[in-house]
Structures are given as structure tokens and as C-alpha cells.
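The structure appears below as C-alpha cells.
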Amino acid sequence: MWKNYHMPETVEQVIDLLSRATSQKKIIAGGTDLMVEIRDGKWPGLDDVIDISRVNGLDAINQDDDGLVHIQANVTHNDILRSDLIRKVASPLYQACYRVSSPQLRNRATVVGNLVTASPANDTITPLMAMDASLVLVSSRGERQVRLNEFYTGLRNTVKQPDELVREIVFKPLKSSQKGSFIKQALRRTQAISTLNCCVLLDLEDDQILDAVVTMGSVAPTVIHSTRAETFLKGNRLNAETAKKASELAALDTKPITDLRSGADYRQYMMQVIVVDALVELMENRQDQKVPVNPVTLSQGAGWQAVPNGEWDQAHIETTINGQALQFGGEFKGNLLNFVRERVGFSGPKPGCEEGECGACTMYLDGKAVVSCLVPAPRAHLANITTIEGLAEEGQLHSVQAEFINHGAVQCGYCTPGFVMAAAKLMEEKPHPTEDEIKDAISGNLCRCTGYYKIIQAIEAACQDGGGAL
């Protein structure tokens with residue numbers, strides 16, 4: 001566990017902390033990777049954790065006067081899904097973010113964090129590399145810009161120095177003549193790391209391919225280009241024959257390994273399959289149809305408060321939980337789940353997988369549904385938190401709770417608080433969701449008893465009730 005936990009308010013404070021901190025330091029934003037690593041003992045001598053999640057100005061997506069798109073370090077995957085700009089000018093990234101994990105994870109996991117983690121299976125690297133994105137790195141020595149193609153030096157290795165912060169991603173918007181498709185192969189639809197993925201980006205004039213980029217993930221130590229497929233595609237017409245040949249060439253450029261998720265032969269074969277699929281999607285102009293126009297994010301009413309001047313004494317937490325203003329003293333070195341259960345006394349959120357897979361610990365943090373097992377306990381300081389105990393109003397059950405009872409949507413009951421929290425937040429966001437939107441909303445929640453049909457029926461009935469307490 002860490003020795004010191006810092007919550008700076010400005011980028012300048014982050015840079016100062018990075019320049020002064022010991023070699024055993026980590027930046028945390030979403031924490032969806034780092035908190036698992038800390039729990040598993042990967043960083044036993046961790047001195048300083050620098051939490052940048054509430055740094056002013058680092059959660060913006062914008063386009064500058066030169067047309068360049070900027071995605072700041074704290075932009076989450078769900079922020080991307082709420083961005084009309086990204087959907088319009090960077091569709092492959094939008095497609096990729098939709099396939100990342102679950103709504104609760106996407107509310108914490110940042111795109112920059114996904115890039116810096118440097119796993120070749122990470123979904124956002126592939127489209128951003130295809131779009132020739134760059135990263136802006138800042139430190140006390142100044143700032144530099146590094147193309148994503150040059151950022152990675154090997155498996156989970158990058159050129160980033162220990163005293164540097166990746167402040168933002170920068171890239172040119174796609175031209176009107178460009179379109180791209182991102183496709184992910186995984187062991188299940190959600191909550192799954194890519195077995196492999198690809199992004200195919202074409203510049204077209206009618207069906208003539210003027211330029212082509214093919215990037216491939218999880219088939220080499222880093223995300224790579226298929227130079228053979230790119231060379232072949234340029235100058236050819238986009239048709240079924242061209243797609244088949246290009247996919248065969250892409251498979252030849254893979255350098256896959258065998259691991260727990262799949263074998264090398266399978267990866268090479270399936271890369272050919274998904275590259276064909278991507279090209280056919282582009283040929284039929286249906287690459288954007290696989291992502292809803294307004295996806296479920298479970299983040300209605302979200303907002304956060306910075307720690308003034310980044311000054312936190314590490315010995316006191318002031319927080320609001322279920323509408324009560326509370327103060328606590330002592331050490332805060334675990335996760336938010338354990339803090340709420342053991343220090344505060346709300347036992348509704350349940351520990352399950354404790355790595356963000358099951359959703360039993362779902363609660364609302366500053367208006368967003370999150371898996372609290374991956375949130376550091378200090379993040380409760382100056383935060384607004386809601387657990388399942390806070391859903392009922394004046395002793396009246398929330399309509400979701402009532403309908404879970406009416407429909408027998410509870411079996412062992414362990415997963416129930418997480419499902420109820422996800423469903424209640426969905427109703428704030430979409431009072432009359434479709435069945436697919438309900439399934440998206442609860443995609444981050446697992447039920448060992450397989451009571452999904454009753455759960456969906458209960459949520460549908462709650463939405464018909466009109467929401468709120470009953």
C-alpha cells in the first residue's frame with residue numbers, strides 16, 4: 001500500500017510532485033489497473049500516489065483553432081461516448097470506447113490511462129494509432145510531443161519518463177473522405193479484454209482507396225501496423241476480393257503469442273477474419289451502426305469538487321454519504337468499498353471479485369456509477385457518495401427495489417445491490433429505456449444464480465412505474 005496520497009488541484013502541482021517524489025511513485029486517475037496491481041502486491045514499496053482525477057482542466061475534449069482535437073488526461077471512456085465531436089471526427093475511437101468493459105468501469109477508466117498502461121490488447125491504442133495521434137508529455141523540464149507510433153518500446157514499456165505526465169492526446173480529425181472501423185474479438189461481449197482487435201481506416205474517392213491504415217492489437221508485443229495490407233489496399237478498389245486479399249496479408253504481419261486467452265494460430269486466423277469484417281463494414285458503410293447514438297453511461301448528474309490548492313493532510317476525510325455530511329480521522333489506505341463498509345457502516349455494497357468484474361460493489365461517486373473496489377479510499381474526501389442504503393426516500397423503497405421484490409428478481413441476493421444501483425442510475429439517464437439499453441446498463445453486473453430474466457423484467461416494470469421511491 002502507498003505511504004503518501006496526494007490530490008493536486010492543478011497540472012503545475014502534479015509536475016511539482018512528480019519532480020520531488022521518490023522513484024516509487026504512481027499517477028492514478030481511474031485506478032482500474034493500478035488498484036488491482038496494488039492489491040496483488042505488485043508495488044510493495046510504493047511511496048507516493050498522485051491522484052490527478054480532480055485536477056482542473058484535465059477532463060476536457062475540444063478542437064482548437066487549427067482543427068486539432070485534444071483529449072485531456074482525465075477524459076474517461078464514457079466521456080468519449082458523450083462527445084458529439086468524437087463521434088463526428090473520430091468514429092473508430094468512439095467505436096472502441098463502447099467495447100471497453102462496462103459502464104461502471106468506463107466511468108473511471110481514462111483513455112490516456114489505457115494508452116499509458118501499454119498493453120497491446122488495450123482497445124483505444126489501435127484506433128488512435130491508426131489516426132496518427134500524438135501524446136503531449138509535460139514535466140519540470142518542459143513539454144514534448146510524441147507520436148503514438150513511437151511511444152511504445154515493448155510490452156508495457158514506453159518512452160515516458162518517471163517525472164512526466166501525459167497531459168493530453170492530440171490528433172487531426174478524420175477528413176470527410178475518410179472512414180474507419182474498429183473490431184474487437186473477445187471471449188464475451190462485455191467485461192472482456194481483447195483476444196485481438198483491429199482498426200481499418202480508409203481514405204476513399206467513391207470506391208477507390210486513396211490511402212489505407214491497418215492497425216492490429218494483441219498480436220505482437222505492441223500494437224502494430226500491417227504494412228503489407230496497407231500497401232496492397234492503396235490504389236485498389238474496395239470490394240470483396242480486395243478485402244479478402246488484404247486480410248490474408250494482415251494475418252501474415254501478425255506475431256502472436258499463445259496465452260490463457262487464445263493460441264497463436266487462433267489469433268493469426270481470427271485477425272484475417274476481423275480485418276475482412278472491418279473492410280466489409282466500410283464497403284457497406286455500416287461501421288457506425290454497431291454503436292448507439294446515445295449509449296448508456298450511468299453518469300447522469302455527475303459533478304466533482306477539487307481539493308482546494310491540493311491541500312489534504314492525509315489524516316481526515318470530509319465526505320457526504322447518502323445525504324449525510326460526515327468526517328473521519330485516521331489512515332485511509334484501502335479502497336472506497338472497504339472504507340464505506342468498515343469505517344462508515346453501510347454494508348449494502350458487497351465485495352465480490354474486487355477487480356471490477358462483478359459489479360456487486362457498485363455505488364455512485366459524484367453522480368457516476370462506479371465499482372468502488374477500484375476507487376482509492378482517499379477519493380471520498382470532498383466527494384458525494386450514494387450507496388444502496390441511500391436509494392429509499394423517507395422510508396419508501398425506490399421503484400427498482402420494489403419491483404425486484406414483486407418479480408422475485410432476488411435469489412441469493414449477493415449481487416442485488418449492484419444491479420439495483422445500476423438500474424436506478426439508468427432510470428435517471430433514460431426514464432424509458434429499451435431492453436437493449438437495460439442490458440447495457442447491467443452489463444457490468446454478474447449474477448451467479450443466473451436470474452437475469454427476472455432482473456430485466458423488474459427493471460422494465462420499474463420504468464413503467466415512472467421511477468423514484470414508492
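By convention here, the chains of the C-alpha cells are called A, B, ... in the order presented, each chain's residues are numbered starting at 1, and ligands are numbered starting at 1 in the order presented.
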Got a sec: who's within 8 Å of Lys3 (chain A), counting only C-alpha atoms, leaving out chain neighbours fewer than 4 positions off, as a PyMOL selection string? chain A and resi 46-48
Contacts of Val293 (chain A) at 10 Å or less, counting only C-alpha atoms, minus same-chain residues fewer than 3 places along, as a PyMOL selection string? chain A and resi 81-82+84+87+288-290+296
Shell around Leu115 (chain A) at 10 Å using only C-alpha atoms, local window under 6 positions removed, as a PyMOL selection string: chain A and resi 122-126+128+135+148+151-152+156+158+166+169
Could you pull out all residues of region 151-329 of chain A with a DSSP call of helix (DSSP H, G or I) and give them as a ChimeraX atom specification? /A:151,227-233,240-252,264-283,308-310
Would you mind telling me which residue in A:Ser262, A:Asp313, A:Val420, A:Ala377 lies nearest to His398 (chain A) when using only C-alpha atoms?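 Nearest candidate to His398 (chain A) out of A:Ser262, A:Asp313, A:Val420, A:Ala377: A:Val420.
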Show me, as a list in words, the residues that have an atom within 8 Å of region 140-145 of chain A when counting only C-alpha atoms, minus same-chain residues fewer than 2 positions from it.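 Selected residues are Ile15, Asp16, Ser19, Ser134, Leu135, Val136, Leu137, Val138, Arg147 and Asp163 of chain A.
Going from CA of Tyr94 (chain A) to CA of Pro295 (chain A) covers 10.6 Å.
Near Glu168 (chain A), within 10 Å and counting only C-alpha atoms, sit Leu58, Asp59, Ala60, Ile61, Val69, His70, Ile71, Gln72, Ala73, Asn74, Val75, Val111, Val112, Ser134, Leu135, Val136, Leu137, Val138, Gln145 and Leu165 of chain A; same-chain residues fewer than 3 positions away were not included.
For the choices A:Leu391, A:Val344, A:Ile385, A:Val11, the atom-to-atom distance to Ala302 (chain A) is smallest for A:Ile385 when using only C-alpha atoms.
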What lies within 9 Å of Ile183 (chain A) using only C-alpha atoms, ignoring chain neighbours under 6 positions off, as a PyMOL selection string? chain A and resi 95-96+99+196-200+274-275+277-278
Counting only C-alpha atoms, what is within 12 Å of region 245-253 of chain A, bar same-chain residues fewer than 3 positions away, as a VMD selection string? chain A and resid 196 198 to 200 212 to 217 219 to 220 223 to 234 236 to 242 256 264 to 280
Output of the above residues as a compact mmCIF listing (two decimals), in the first residue's frame, restricted to C-alpha atoms:
# COMPACT_ATOMS: atom_id res chain seq x y z
CA LEU A 196 -7.29 -9.35 -30.60
CA CYS A 198 -8.03 -4.13 -35.37
CA CYS A 199 -8.77 -0.76 -36.87
CA VAL A 200 -9.04 -0.23 -40.62
CA ALA A 212 -5.21 2.94 -46.03
CA VAL A 213 -4.14 2.24 -42.47
CA VAL A 214 -4.49 -1.14 -40.79
CA THR A 215 -3.54 -1.41 -37.11
CA MET A 216 -3.69 -4.62 -35.10
CA GLY A 217 -3.79 -5.23 -31.35
CA VAL A 219 -0.91 -9.95 -31.95
CA ALA A 220 2.55 -8.62 -31.07
CA VAL A 223 0.05 -2.59 -31.37
CA ILE A 224 1.40 -2.81 -34.92
CA HIS A 225 0.62 -1.79 -38.49
CA SER A 226 0.04 -4.30 -41.24
CA THR A 227 2.28 -2.68 -43.81
CA ARG A 228 1.55 -5.40 -46.35
CA ALA A 229 -2.20 -4.85 -46.17
CA GLU A 230 -1.79 -1.06 -46.23
CA THR A 231 0.44 -1.18 -49.31
CA PHE A 232 -1.90 -3.54 -51.11
CA LEU A 233 -5.05 -1.54 -50.36
CA LYS A 234 -3.71 1.79 -51.66
CA ASN A 236 -7.20 -0.69 -55.26
CA ARG A 237 -10.97 -0.60 -55.31
CA LEU A 238 -12.88 -1.52 -52.17
CA ASN A 239 -14.67 -4.77 -52.94
CA ALA A 240 -14.97 -8.30 -51.58
CA GLU A 241 -11.95 -9.58 -53.48
CA THR A 242 -9.74 -6.75 -52.25
CA PRO A 256 1.04 -13.59 -31.98
CA ALA A 264 -1.11 -18.03 -31.61
CA ASP A 265 -2.71 -19.92 -34.51
CA TYR A 266 -6.17 -18.80 -33.44
CA ARG A 267 -5.06 -15.18 -33.21
CA GLN A 268 -3.49 -15.23 -36.65
CA TYR A 269 -6.57 -16.85 -38.20
CA MET A 270 -9.01 -14.54 -36.45
CA MET A 271 -7.07 -11.42 -37.44
CA GLN A 272 -7.80 -12.36 -41.04
CA VAL A 273 -11.49 -12.73 -40.14
CA ILE A 274 -11.87 -9.40 -38.36
CA VAL A 275 -9.93 -7.43 -40.99
CA VAL A 276 -12.32 -8.81 -43.62
CA ASP A 277 -15.23 -7.85 -41.38
CA ALA A 278 -13.88 -4.32 -40.95
CA LEU A 279 -13.42 -3.84 -44.69
CA VAL A 280 -16.88 -5.21 -45.44
Nearest residue to Gly67 (chain A) out of A:Val170, A:Arg20, A:Asp132, A:Glu355, using only C-alpha atoms? A:Val170
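Residue nearest Gly418 (chain A), chosen from A:Pro431, A:Val400, A:Ala458, A:Cys361 and counting only C-alpha atoms: A:Cys361.
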For Asn114 (chain A), which of A:Ile388, A:Leu34, A:Ile86, A:Leu446 is the closest residue, counting only C-alpha atoms? A:Leu34
